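Asks: The structure that follows is given in the form of structure tokens.
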Amino acid sequence: MRYLTRKKLAELELHAKRVLAPESAHQVEDISLQERLHLQIAGLSIDHSRQLVDESTLDILLNLYQQSNTKKIRASYLEGEPVNLTEDLASLHMAMRDGMPELNPQLRQQISIDREHYLKFAESIRSGAIRSYNNKIFTDVVHIGIGGSHLGQELAVECLKDRRDKGPNIHFLSNIDSRPLMDLLQKLKPETTLFLVASKSFSTTETKINSMRAKAWFLERVGDKDSMTNHFSALTSNPRAAQEFGIPEKMVFPLMPEIGGRFSVWSSAGLPIALSIGSKKYMEFHEGARMVDEHFVSQDNLSNIPLLTALLGVWNYNFLNCHTLAVLCYDQRLRLLPQYLQQLFMECNGKSVTRSGEECEYSTMPVVWGGQGTGGQHAYHQLLHQGTSAFAADFIAITDKDDPIAEHRNWLNAHARAQSKVMSEGWNRDSNSESFKNIRGGHPHTNIVMNQLGPSELGSLMAYYEHVTFYLGALWDINSFDQWGVERGKTIANSIFNELNK
Ligand code: F6P
């Protein structure tokens, strides 16, 4: 954060020392500030009152935002300018859900035509209008993809499983490990299985090898090469490679180059979600995200909730020395959220040079990890309560009045609240002989609660985190839209593989 003057930086550091001092209160005590930090956005209740801030922290953080280039970067982002500087690409995923009102109308129209096209395909598969080579209804869909071409898709399908009606079963293949591949294929019948190959580049090794294996499996059993044309579809920016693989043009759904992998869930790569819950509910998922975009576009300063969250992130990671962000989900349906957020936050913001290519003189995104309550309480919460590492956390819970067994839901939520309370307040036995029971508390965290986990709420939650990621990257002055760090390992793996495979 080179834009901060030495004086400003010293002010922030001094303030952080004050907040972290043992005698300092470990939670927001001012009731009106507590209320101001408890916010609502598109079906999400976001309560930041257990962060370690007071009015003056917020003033200092607001000042930090105002001195940064964030506003300018955001303007370029919304206008569809190339914010991904190293690849000279705009980042248009918001436009996929109609969240970029300033984008040129022709492009918006094209996006809507493309969306109708893949949703029509989804409905035709679901209704049986499009069938297998021998006129059977597709009962199973295998989505082959990895990283951004997989994580958001599986998260959404899993979260919304109870919203699925007549859709086919959706399976995911991402790792190059043969066992999950074999386990899955042996359960399927080629004549009722549709494969979706999701790869922006159509060249990622894992996806390429798994798709080739699936194609061989299909052809060995069906024999006739032409029959494959009904059974493989591609979601890609590289239609030529898809056609060379044997997928006909009508089965290729384009993905614009301006849609980064980790945001691809909003594009044709969201097809498995539409196949599972149908296009109407899929559009509710988009609508939840669009409502958050509307907020992102229209609000500024501390009224912009993702910006406030990102400023609190900078406060926690750069000044309160929190080395990790724990994502603690109190609902089994959200079990894949930590992995999805790992990719979103860490692939976007795991950078160490600024947008102009200079070495960052400050730390950027810390490690994101997490899991599910209540299981996590019997695993890593011991360290969270009594360990020595400083961390920040997000608790995510669902009120869920429709839970089939209310008692279980009440237990889940009682545990979530209890953990949040102890993490904030700690517990002091005031007796040396029982010091092993002391809990320090004072861990900054946010409580996110939704009344239900429907398509709209899930869309809102994912878009909220996308915008937080954007703001963090802009505040750190890094390019959140590229991922060069992962390329080198891929190249080396190719030559090692050639040795191993001799
Ligand atoms: O390895 C990282 C990455 O490039 C991600 O950014 C991307 O989502 C994933 O690989 C898969 O890439 P593709 O969609 O091109 O197969």
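Labels used: A, B, ... for chains in the order of the structure tokens, numbers from 1 for residues in each chain, and numbers from 1 for ligands as shown.
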How would you write, as JSON, numbers by chain, the set of residues no farther than 7 Å from ligand 1 when counting only C-alpha atoms and all ligand atoms?

Replies: {"A": [145, 146, 147, 148, 149, 198, 199, 200, 201, 202, 203, 204, 207, 260, 261, 262, 483, 486, 487]}

Asks: Just list as a PyMOL selection string whatever in segment 163-201 of chain A DSSP marks as strand (DSSP E or B).

Replies: chain A and resi 169-173+193-198

Asks: Can those selected residues be exported to a file as an mmCIF file, in the first residue's frame so that it contains all heavy atoms?

Replies:
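Writing the result to selection-v9.cif gives the following:
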data_model
loop_
_atom_site.group_PDB
_atom_site.id
_atom_site.type_symbol
_atom_site.label_atom_id
_atom_site.label_comp_id
_atom_site.auth_asym_id
_atom_site.auth_seq_id
_atom_site.Cartn_x
_atom_site.Cartn_y
_atom_site.Cartn_z
ATOM 1 N N ASN A 169 -28.942 -36.760 -12.752
ATOM 2 C CA ASN A 169 -27.927 -36.757 -11.690
ATOM 3 C C ASN A 169 -26.685 -36.082 -12.251
ATOM 4 O O ASN A 169 -26.282 -36.378 -13.379
ATOM 5 C CB ASN A 169 -27.533 -38.192 -11.317
ATOM 6 C CG ASN A 169 -28.720 -38.970 -10.812
ATOM 7 O OD1 ASN A 169 -29.422 -38.504 -9.927
ATOM 8 N ND2 ASN A 169 -28.959 -40.134 -11.405
ATOM 9 N N ILE A 170 -26.090 -35.221 -11.442
ATOM 10 C CA ILE A 170 -24.875 -34.526 -11.921
ATOM 11 C C ILE A 170 -23.676 -35.056 -11.142
ATOM 12 O O ILE A 170 -23.699 -35.102 -9.908
ATOM 13 C CB ILE A 170 -24.961 -32.999 -11.707
ATOM 14 C CG1 ILE A 170 -26.324 -32.437 -12.124
ATOM 15 C CG2 ILE A 170 -23.811 -32.286 -12.425
ATOM 16 C CD1 ILE A 170 -26.578 -32.328 -13.587
ATOM 17 N N HIS A 171 -22.645 -35.454 -11.880
ATOM 18 C CA HIS A 171 -21.409 -35.943 -11.250
ATOM 19 C C HIS A 171 -20.261 -35.033 -11.676
ATOM 20 O O HIS A 171 -20.297 -34.460 -12.761
ATOM 21 C CB HIS A 171 -21.085 -37.363 -11.713
ATOM 22 C CG HIS A 171 -22.278 -38.280 -11.668
ATOM 23 N ND1 HIS A 171 -22.628 -39.001 -10.559
ATOM 24 C CD2 HIS A 171 -23.217 -38.569 -12.615
ATOM 25 C CE1 HIS A 171 -23.719 -39.705 -10.811
ATOM 26 N NE2 HIS A 171 -24.106 -39.460 -12.050
ATOM 27 N N PHE A 172 -19.236 -34.982 -10.846
ATOM 28 C CA PHE A 172 -18.082 -34.134 -11.176
ATOM 29 C C PHE A 172 -16.796 -34.941 -11.186
ATOM 30 O O PHE A 172 -16.551 -35.734 -10.277
ATOM 31 C CB PHE A 172 -17.963 -32.988 -10.160
ATOM 32 C CG PHE A 172 -19.064 -31.999 -10.296
ATOM 33 C CD1 PHE A 172 -20.269 -32.170 -9.612
ATOM 34 C CD2 PHE A 172 -18.939 -30.905 -11.138
ATOM 35 C CE1 PHE A 172 -21.310 -31.275 -9.758
ATOM 36 C CE2 PHE A 172 -19.971 -29.992 -11.299
ATOM 37 C CZ PHE A 172 -21.157 -30.177 -10.604
ATOM 38 N N LEU A 173 -16.012 -34.732 -12.232
ATOM 39 C CA LEU A 173 -14.694 -35.367 -12.329
ATOM 40 C C LEU A 173 -13.687 -34.247 -12.473
ATOM 41 O O LEU A 173 -13.742 -33.483 -13.444
ATOM 42 C CB LEU A 173 -14.619 -36.197 -13.602
ATOM 43 C CG LEU A 173 -14.734 -37.703 -13.522
ATOM 44 C CD1 LEU A 173 -14.494 -38.292 -14.889
ATOM 45 C CD2 LEU A 173 -13.795 -38.295 -12.495
ATOM 46 N N THR A 193 -25.711 -41.343 -20.575
ATOM 47 C CA THR A 193 -24.783 -40.390 -19.944
ATOM 48 C C THR A 193 -24.356 -39.292 -20.918
ATOM 49 O O THR A 193 -23.960 -39.572 -22.059
ATOM 50 C CB THR A 193 -23.526 -41.136 -19.429
ATOM 51 O OG1 THR A 193 -23.955 -42.146 -18.517
ATOM 52 C CG2 THR A 193 -22.574 -40.191 -18.714
ATOM 53 N N LEU A 194 -24.425 -38.063 -20.411
ATOM 54 C CA LEU A 194 -23.949 -36.906 -21.175
ATOM 55 C C LEU A 194 -22.702 -36.367 -20.481
ATOM 56 O O LEU A 194 -22.685 -36.208 -19.258
ATOM 57 C CB LEU A 194 -25.042 -35.826 -21.173
ATOM 58 C CG LEU A 194 -24.672 -34.466 -21.748
ATOM 59 C CD1 LEU A 194 -24.525 -34.540 -23.268
ATOM 60 C CD2 LEU A 194 -25.757 -33.423 -21.395
ATOM 61 N N PHE A 195 -21.640 -36.098 -21.255
ATOM 62 C CA PHE A 195 -20.413 -35.534 -20.685
ATOM 63 C C PHE A 195 -20.321 -34.052 -21.045
ATOM 64 O O PHE A 195 -20.508 -33.682 -22.209
ATOM 65 C CB PHE A 195 -19.177 -36.258 -21.249
ATOM 66 C CG PHE A 195 -19.066 -37.690 -20.762
ATOM 67 C CD1 PHE A 195 -19.591 -38.739 -21.516
ATOM 68 C CD2 PHE A 195 -18.458 -37.974 -19.554
ATOM 69 C CE1 PHE A 195 -19.511 -40.046 -21.064
ATOM 70 C CE2 PHE A 195 -18.357 -39.289 -19.095
ATOM 71 C CZ PHE A 195 -18.888 -40.327 -19.854
ATOM 72 N N LEU A 196 -20.035 -33.233 -20.043
ATOM 73 C CA LEU A 196 -19.786 -31.810 -20.294
ATOM 74 C C LEU A 196 -18.301 -31.572 -20.054
ATOM 75 O O LEU A 196 -17.822 -31.796 -18.945
ATOM 76 C CB LEU A 196 -20.554 -30.931 -19.292
ATOM 77 C CG LEU A 196 -22.063 -31.093 -19.184
ATOM 78 C CD1 LEU A 196 -22.598 -30.159 -18.089
ATOM 79 C CD2 LEU A 196 -22.730 -30.742 -20.519
ATOM 80 N N VAL A 197 -17.596 -31.143 -21.084
ATOM 81 C CA VAL A 197 -16.176 -30.853 -20.893
ATOM 82 C C VAL A 197 -16.049 -29.341 -20.689
ATOM 83 O O VAL A 197 -16.232 -28.561 -21.621
ATOM 84 C CB VAL A 197 -15.327 -31.317 -22.093
ATOM 85 C CG1 VAL A 197 -13.847 -31.087 -21.801
ATOM 86 C CG2 VAL A 197 -15.600 -32.783 -22.412
ATOM 87 N N ALA A 198 -15.774 -28.945 -19.439
ATOM 88 C CA ALA A 198 -15.702 -27.517 -19.111
ATOM 89 C C ALA A 198 -14.247 -27.111 -18.991
ATOM 90 O O ALA A 198 -13.567 -27.489 -18.035
ATOM 91 C CB ALA A 198 -16.436 -27.243 -17.800
#

Asks: If you measure from atom CA of Val292 of chain A to atom CA of Glu35 of chain A, what distance in Å do you get, rounded to one decimal?

Replies: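 Value for the atom CA of Val292 of chain A-atom CA of Glu35 of chain A distance: 20.6 Å.
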
Asks: Would you kindly return, as an MDAnalysis selection string, each protein, DNA or RNA residue with an atom no farther than 12 Å from any atom of Ser264 of chain A, considering only C-alpha atoms and excluding same-chain residues fewer than 2 positions away?

Replies: chainID A and resid 91:97 145:153 198:200 235:237 254:262 266:273 344 462 466

Asks: Separation of atom CA of Tyr282 of chain A and atom CA of Leu307 of chain A, in Å?

Replies: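 A separation of 26.9 Å between them.
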
Asks: Segment 96-231 of chain A: which residues are helix (DSSP H, G or I) by DSSP, as number ranges by chain?

Replies: A: 96, 105-127, 147-149, 151-159, 161-163, 178-185, 190-192, 205-222, 225-230

Asks: Could you state the separation of atom CA of Ile73 of chain A and atom CA of Pro444 of chain A in Å, given to one decimal place?

Replies: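 So the answer is 28.0 Å.
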
Asks: Rank A:Ile496, A:Ala393, A:Cys329, A:Met283 by their smallest atom-to-atom distance to Glu116 of chain A, using only C-alpha atoms, and report the top residue only.

Replies: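 Answer, going by the shortest atom-to-atom distance: A:Met283.
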
Asks: From the set A:Ser456, A:Gln66, A:Thr229, A:Ser298, which residue has the shortest atom-to-atom contact distance to Glu102 of chain A, counting only C-alpha atoms?

Replies: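 Smallest separation from Glu102 of chain A among the options: A:Ser298.
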
Asks: Give me the residues within 10 Å of Leu334 of chain A as a VMD selection string, counting only C-alpha atoms and dropping any in the same chain fewer than 3 places off.

Replies: chain A and resid 155 to 156 158 to 160 328 to 331 337 to 338 371 to 372 396 to 397 453 458

Asks: Find, counting only C-alpha atoms, the residue in A:Asp430, A:Glu13, A:Glu287, A:Asp400 that gets nearest to Gly459 of chain A.

Replies: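 Using only C-alpha atoms, Gly459 of chain A sits closest to A:Glu287.
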
Asks: Of the residues A:Leu33, A:Ala241, A:Cys322, A:Ile137, which is the one nearest to Thr57 of chain A, using only C-alpha atoms?

Replies: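 Of the candidates, the smallest distance to Thr57 of chain A is held by A:Leu33.
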
Asks: Nearest to Phe345 of chain A: which of A:Gly489, A:Pro190, A:Gly473, A:Gly441 is it, counting only C-alpha atoms?

Replies: A:Gly473
